[in-house]
Amino acid sequence: MQPLDADQIRASFVNCSRGEAKSVTIPAGVPWAARDFLGWRDPKAPARAYLVVPYRDEIVGLSLRAAPPPSSRLRSNMCGFCATTHALSDVTLFTGRRAGKLGREGNTLGTYVCSNLSCSAYVRGELKPDVPQPKETLSIDDRVARLEDKVQRFVARILESR
Ligand SMILES: [Zn+2]
């Protein structure tokens with residue numbers, strides 16, 4: 001994705017207050033060229049997470065809430081964005097308020113995603129998950145395309161009633 005500065009990131013949020021957007025901790029040292037979206041947990045408030053996604057002709061920022069980690073570590077789960085399989089503790093349910101009318105009515109949308117939101121790094125092999133992966137026949141380019149498609153669909157659903 002194209003590099004963004006802090007002002008662009010703060011201005012991109014569609015589902016939180018101006019006040020929250022102002023208080024977001026902006027990540028540093030992002031390898032933009034190898035990222036399909038910007039995703040991070042707020043180091044000062046780990047239950048807060050953010051996605052900043054190039055979407056059609058705009059940049060869309062989403063404020064998300066991370067569900068507490070489950071107590072069982074026995075099962076595994078798959079990331080809904082990048083299809084990486086993780087131990088249950090490394091996949092988190094992230095939920096965002098929907099933009100516009102649905103959001104005002106209290107409507108939210110959730111998805112299970114890599115807890116560190118580092119899907120772009122997993123699909124490129126920069127990060128290795130802790131558990132064995134099912135055999136993956138897709139090339140890295142195809143995995144990136146699949147990741148982008150899943151993220152676009154999530155953003156589209158958040159924006160549905162904007
Ligand atoms: Zn992922």
# chains A, B, ... in the order shown; residues from 1 in each chain; ligands from 1
call {"tool": "residues_around", "arguments": {"residues": "region 90-96 of chain A", "least_positions_apart": "3", "cutoff": "7 Å", "atoms": "only C-alpha atoms", "output": "list in words"}}
result
Ser63, Leu64, Arg65, Ala66, Ala67, Pro69, Asn77, Cys79, His86, Ala87, Thr108, Leu109, Gly110, Thr111, Tyr112, Val113, Cys114 and Ser115 of chain A
call {"tool": "write_last_selection", "arguments": {"atoms": "N, CA and C atoms", "output": "PDB file, in the first residue's frame"}}
result
ATOM      1  N   SER A  63     -11.958   1.311  13.682  1.00  0.00           N
ATOM      2  CA  SER A  63     -11.631   1.078  15.078  1.00  0.00           C
ATOM      3  C   SER A  63     -12.326  -0.207  15.507  1.00  0.00           C
ATOM      4  N   LEU A  64     -11.565  -1.124  16.079  1.00  0.00           N
ATOM      5  CA  LEU A  64     -12.108  -2.427  16.456  1.00  0.00           C
ATOM      6  C   LEU A  64     -11.847  -2.694  17.932  1.00  0.00           C
ATOM      7  N   ARG A  65     -12.677  -3.585  18.490  1.00  0.00           N
ATOM      8  CA  ARG A  65     -12.443  -4.035  19.861  1.00  0.00           C
ATOM      9  C   ARG A  65     -12.028  -5.500  19.826  1.00  0.00           C
ATOM     10  N   ALA A  66     -10.986  -5.823  20.578  1.00  0.00           N
ATOM     11  CA  ALA A  66     -10.507  -7.203  20.634  1.00  0.00           C
ATOM     12  C   ALA A  66     -11.177  -7.912  21.801  1.00  0.00           C
ATOM     13  N   ALA A  67     -11.775  -9.075  21.533  1.00  0.00           N
ATOM     14  CA  ALA A  67     -12.366  -9.875  22.608  1.00  0.00           C
ATOM     15  C   ALA A  67     -11.239 -10.431  23.476  1.00  0.00           C
ATOM     16  N   PRO A  69      -8.800 -13.021  25.343  1.00  0.00           N
ATOM     17  CA  PRO A  69      -8.362 -14.326  24.849  1.00  0.00           C
ATOM     18  C   PRO A  69      -9.157 -15.453  25.495  1.00  0.00           C
ATOM     19  N   ASN A  77      -7.593 -22.264  15.432  1.00  0.00           N
ATOM     20  CA  ASN A  77      -8.590 -21.526  14.665  1.00  0.00           C
ATOM     21  C   ASN A  77      -7.878 -20.876  13.487  1.00  0.00           C
ATOM     22  N   CYS A  79      -7.450 -17.673  10.717  1.00  0.00           N
ATOM     23  CA  CYS A  79      -7.686 -16.248  10.501  1.00  0.00           C
ATOM     24  C   CYS A  79      -8.644 -16.063   9.328  1.00  0.00           C
ATOM     25  N   HIS A  86      -3.823 -20.876  13.555  1.00  0.00           N
ATOM     26  CA  HIS A  86      -3.106 -20.539  14.787  1.00  0.00           C
ATOM     27  C   HIS A  86      -3.658 -21.348  15.947  1.00  0.00           C
ATOM     28  N   ALA A  87      -2.852 -21.438  17.014  1.00  0.00           N
ATOM     29  CA  ALA A  87      -3.417 -21.850  18.285  1.00  0.00           C
ATOM     30  C   ALA A  87      -4.527 -20.860  18.638  1.00  0.00           C
ATOM     31  N   THR A 108     -22.915  -4.089  15.066  1.00  0.00           N
ATOM     32  CA  THR A 108     -21.472  -4.300  14.943  1.00  0.00           C
ATOM     33  C   THR A 108     -21.212  -5.497  14.038  1.00  0.00           C
ATOM     34  N   LEU A 109     -19.949  -5.628  13.640  1.00  0.00           N
ATOM     35  CA  LEU A 109     -19.545  -6.744  12.797  1.00  0.00           C
ATOM     36  C   LEU A 109     -18.229  -7.279  13.352  1.00  0.00           C
ATOM     37  N   GLY A 110     -18.139  -8.603  13.484  1.00  0.00           N
ATOM     38  CA  GLY A 110     -16.926  -9.186  14.041  1.00  0.00           C
ATOM     39  C   GLY A 110     -16.325 -10.223  13.126  1.00  0.00           C
ATOM     40  N   THR A 111     -15.029 -10.448  13.283  1.00  0.00           N
ATOM     41  CA  THR A 111     -14.364 -11.493  12.518  1.00  0.00           C
ATOM     42  C   THR A 111     -13.149 -11.984  13.304  1.00  0.00           C
ATOM     43  N   TYR A 112     -12.824 -13.263  13.143  1.00  0.00           N
ATOM     44  CA  TYR A 112     -11.647 -13.832  13.799  1.00  0.00           C
ATOM     45  C   TYR A 112     -10.430 -13.601  12.916  1.00  0.00           C
ATOM     46  N   VAL A 113      -9.434 -12.927  13.485  1.00  0.00           N
ATOM     47  CA  VAL A 113      -8.248 -12.544  12.711  1.00  0.00           C
ATOM     48  C   VAL A 113      -7.006 -12.803  13.570  1.00  0.00           C
ATOM     49  N   CYS A 114      -5.860 -12.963  12.912  1.00  0.00           N
ATOM     50  CA  CYS A 114      -4.579 -13.083  13.626  1.00  0.00           C
ATOM     51  C   CYS A 114      -4.534 -12.034  14.748  1.00  0.00           C
ATOM     52  N   SER A 115      -4.197 -12.470  15.970  1.00  0.00           N
ATOM     53  CA  SER A 115      -4.253 -11.566  17.123  1.00  0.00           C
ATOM     54  C   SER A 115      -3.378 -10.328  16.948  1.00  0.00           C
TER      55      SER A 115
END
call {"tool": "closest_atom_pairs", "arguments": {"of": "chain A", "to": "ligand 1", "cutoff": "9 Å", "atoms": "only C-alpha atoms and all ligand atoms", "output": "JSON lines"}}
result
{"residue": "A:Met78", "atom": "CA", "partner": "ligand 1", "partner_atom_place_in_ligand_line": "1 (Zn)", "distance": 7.8}
{"residue": "A:Cys79", "atom": "CA", "partner": "ligand 1", "partner_atom_place_in_ligand_line": "1 (Zn)", "distance": 4.6}
{"residue": "A:Gly80", "atom": "CA", "partner": "ligand 1", "partner_atom_place_in_ligand_line": "1 (Zn)", "distance": 6.6}
{"residue": "A:Phe81", "atom": "CA", "partner": "ligand 1", "partner_atom_place_in_ligand_line": "1 (Zn)", "distance": 5.1}
{"residue": "A:Cys82", "atom": "CA", "partner": "ligand 1", "partner_atom_place_in_ligand_line": "1 (Zn)", "distance": 4.1}
{"residue": "A:Ala83", "atom": "CA", "partner": "ligand 1", "partner_atom_place_in_ligand_line": "1 (Zn)", "distance": 6.1}
{"residue": "A:Thr84", "atom": "CA", "partner": "ligand 1", "partner_atom_place_in_ligand_line": "1 (Zn)", "distance": 5.7}
{"residue": "A:Thr85", "atom": "CA", "partner": "ligand 1", "partner_atom_place_in_ligand_line": "1 (Zn)", "distance": 8.4}
{"residue": "A:Val91", "atom": "CA", "partner": "ligand 1", "partner_atom_place_in_ligand_line": "1 (Zn)", "distance": 8.1}
{"residue": "A:Tyr112", "atom": "CA", "partner": "ligand 1", "partner_atom_place_in_ligand_line": "1 (Zn)", "distance": 8.5}
{"residue": "A:Val113", "atom": "CA", "partner": "ligand 1", "partner_atom_place_in_ligand_line": "1 (Zn)", "distance": 5.1}
{"residue": "A:Cys114", "atom": "CA", "partner": "ligand 1", "partner_atom_place_in_ligand_line": "1 (Zn)", "distance": 4.1}
{"residue": "A:Ser115", "atom": "CA", "partner": "ligand 1", "partner_atom_place_in_ligand_line": "1 (Zn)", "distance": 7.8}
{"residue": "A:Asn116", "atom": "CA", "partner": "ligand 1", "partner_atom_place_in_ligand_line": "1 (Zn)", "distance": 8.2}
{"residue": "A:Leu117", "atom": "CA", "partner": "ligand 1", "partner_atom_place_in_ligand_line": "1 (Zn)", "distance": 6.1}
{"residue": "A:Ser118", "atom": "CA", "partner": "ligand 1", "partner_atom_place_in_ligand_line": "1 (Zn)", "distance": 6.2}
{"residue": "A:Cys119", "atom": "CA", "partner": "ligand 1", "partner_atom_place_in_ligand_line": "1 (Zn)", "distance": 3.7}
{"residue": "A:Ser120", "atom": "CA", "partner": "ligand 1", "partner_atom_place_in_ligand_line": "1 (Zn)", "distance": 7.4}
{"residue": "A:Ala121", "atom": "CA", "partner": "ligand 1", "partner_atom_place_in_ligand_line": "1 (Zn)", "distance": 8.7}
{"residue": "A:Tyr122", "atom": "CA", "partner": "ligand 1", "partner_atom_place_in_ligand_line": "1 (Zn)", "distance": 6.9}
{"residue": "A:Val123", "atom": "CA", "partner": "ligand 1", "partner_atom_place_in_ligand_line": "1 (Zn)", "distance": 8.0}
{"residue": "A:Leu147", "atom": "CA", "partner": "ligand 1", "partner_atom_place_in_ligand_line": "1 (Zn)", "distance": 8.1}
call {"tool": "select_by_dssp", "arguments": {"residues": "region 110-145 of chain A", "states": "strand (DSSP E or B)", "output": "JSON list (two decimals) with C-alpha atoms, in the first residue's frame"}}
result
[["chain", "number", "residue", "atom", "x", "y", "z"],
["A", 110, "GLY", "CA", -16.93, -9.19, 14.04],
["A", 111, "THR", "CA", -14.36, -11.49, 12.52],
["A", 112, "TYR", "CA", -11.65, -13.83, 13.80],
["A", 113, "VAL", "CA", -8.25, -12.54, 12.71],
["A", 114, "CYS", "CA", -4.58, -13.08, 13.63]]
call {"tool": "atom_distance", "arguments": {"atom1": "CA of Leu38 (chain A)", "atom2": "CA of Val53 (chain A)"}}
result
6.4 Å
call {"tool": "closest_atom_pairs", "arguments": {"of": "region 46-103 of chain A", "to": "region 8-16 of chain A", "cutoff": "8 Å", "atoms": "only C-alpha atoms", "output": "Markdown table"}}
result
| residue | atom | partner | partner_atom | distance |
| --- | --- | --- | --- | --- |
| A:Val52 | CA | A:Ile9 | CA | 7.1 |
| A:Ile59 | CA | A:Ser12 | CA | 5.8 |
| A:Val60 | CA | A:Ser12 | CA | 5.1 |
| A:Gly61 | CA | A:Phe13 | CA | 4.0 |
| A:Leu62 | CA | A:Phe13 | CA | 5.5 |
| A:Ser63 | CA | A:Cys16 | CA | 6.2 |
| A:Gly96 | CA | A:Asn15 | CA | 7.5 |
| A:Arg97 | CA | A:Asn15 | CA | 5.9 |
| A:Arg98 | CA | A:Asn15 | CA | 6.3 |
| A:Ala99 | CA | A:Asn15 | CA | 5.1 |
| A:Gly100 | CA | A:Asn15 | CA | 8.0 |
| A:Gly103 | CA | A:Asn15 | CA | 7.7 |
call {"tool": "atom_distance", "arguments": {"atom1": "CA of Pro134 (chain A)", "atom2": "CA of Ala49 (chain A)"}}
result
27.7 Å
call {"tool": "atom_distance", "arguments": {"atom1": "CA of Asn107 (chain A)", "atom2": "CA of Arg146 (chain A)"}}
result
26.4 Å
call {"tool": "select_by_dssp", "arguments": {"residues": "chain A", "states": "helix (DSSP H, G or I)", "output": "MDAnalysis selection string"}}
result
chainID A and resid 6:11 18:23 32:34 88:90 100:104 119:123 140:158
call {"tool": "residues_around", "arguments": {"residues": "Arg124 (chain A)", "least_positions_apart": "5", "cutoff": "9 Å", "atoms": "only C-alpha atoms", "output": "ChimeraX atom specification"}}
result
/A:34,119,140-141,143-144
call {"tool": "write_last_selection", "arguments": {"atoms": "N, CA and C atoms", "output": "mmCIF file, in the first residue's frame"}}
result
data_model
loop_
_atom_site.group_PDB
_atom_site.id
_atom_site.type_symbol
_atom_site.label_atom_id
_atom_site.label_comp_id
_atom_site.auth_asym_id
_atom_site.auth_seq_id
_atom_site.Cartn_x
_atom_site.Cartn_y
_atom_site.Cartn_z
ATOM 1 N N ALA A 34 5.195 -3.817 1.605
ATOM 2 C CA ALA A 34 4.872 -5.223 1.860
ATOM 3 C C ALA A 34 3.639 -5.359 2.739
ATOM 4 N N CYS A 119 -1.408 -10.178 9.218
ATOM 5 C CA CYS A 119 -1.741 -11.068 8.100
ATOM 6 C C CYS A 119 -0.802 -10.869 6.907
ATOM 7 N N ILE A 140 2.320 -16.959 -3.317
ATOM 8 C CA ILE A 140 2.250 -15.801 -2.427
ATOM 9 C C ILE A 140 1.353 -14.725 -3.037
ATOM 10 N N ASP A 141 1.490 -14.491 -4.351
ATOM 11 C CA ASP A 141 0.645 -13.477 -5.002
ATOM 12 C C ASP A 141 -0.834 -13.806 -4.835
ATOM 13 N N ARG A 143 -2.132 -15.641 -2.475
ATOM 14 C CA ARG A 143 -2.509 -15.499 -1.066
ATOM 15 C C ARG A 143 -2.719 -14.025 -0.713
ATOM 16 N N VAL A 144 -1.867 -13.157 -1.285
ATOM 17 C CA VAL A 144 -2.046 -11.717 -1.069
ATOM 18 C C VAL A 144 -3.390 -11.276 -1.645
#
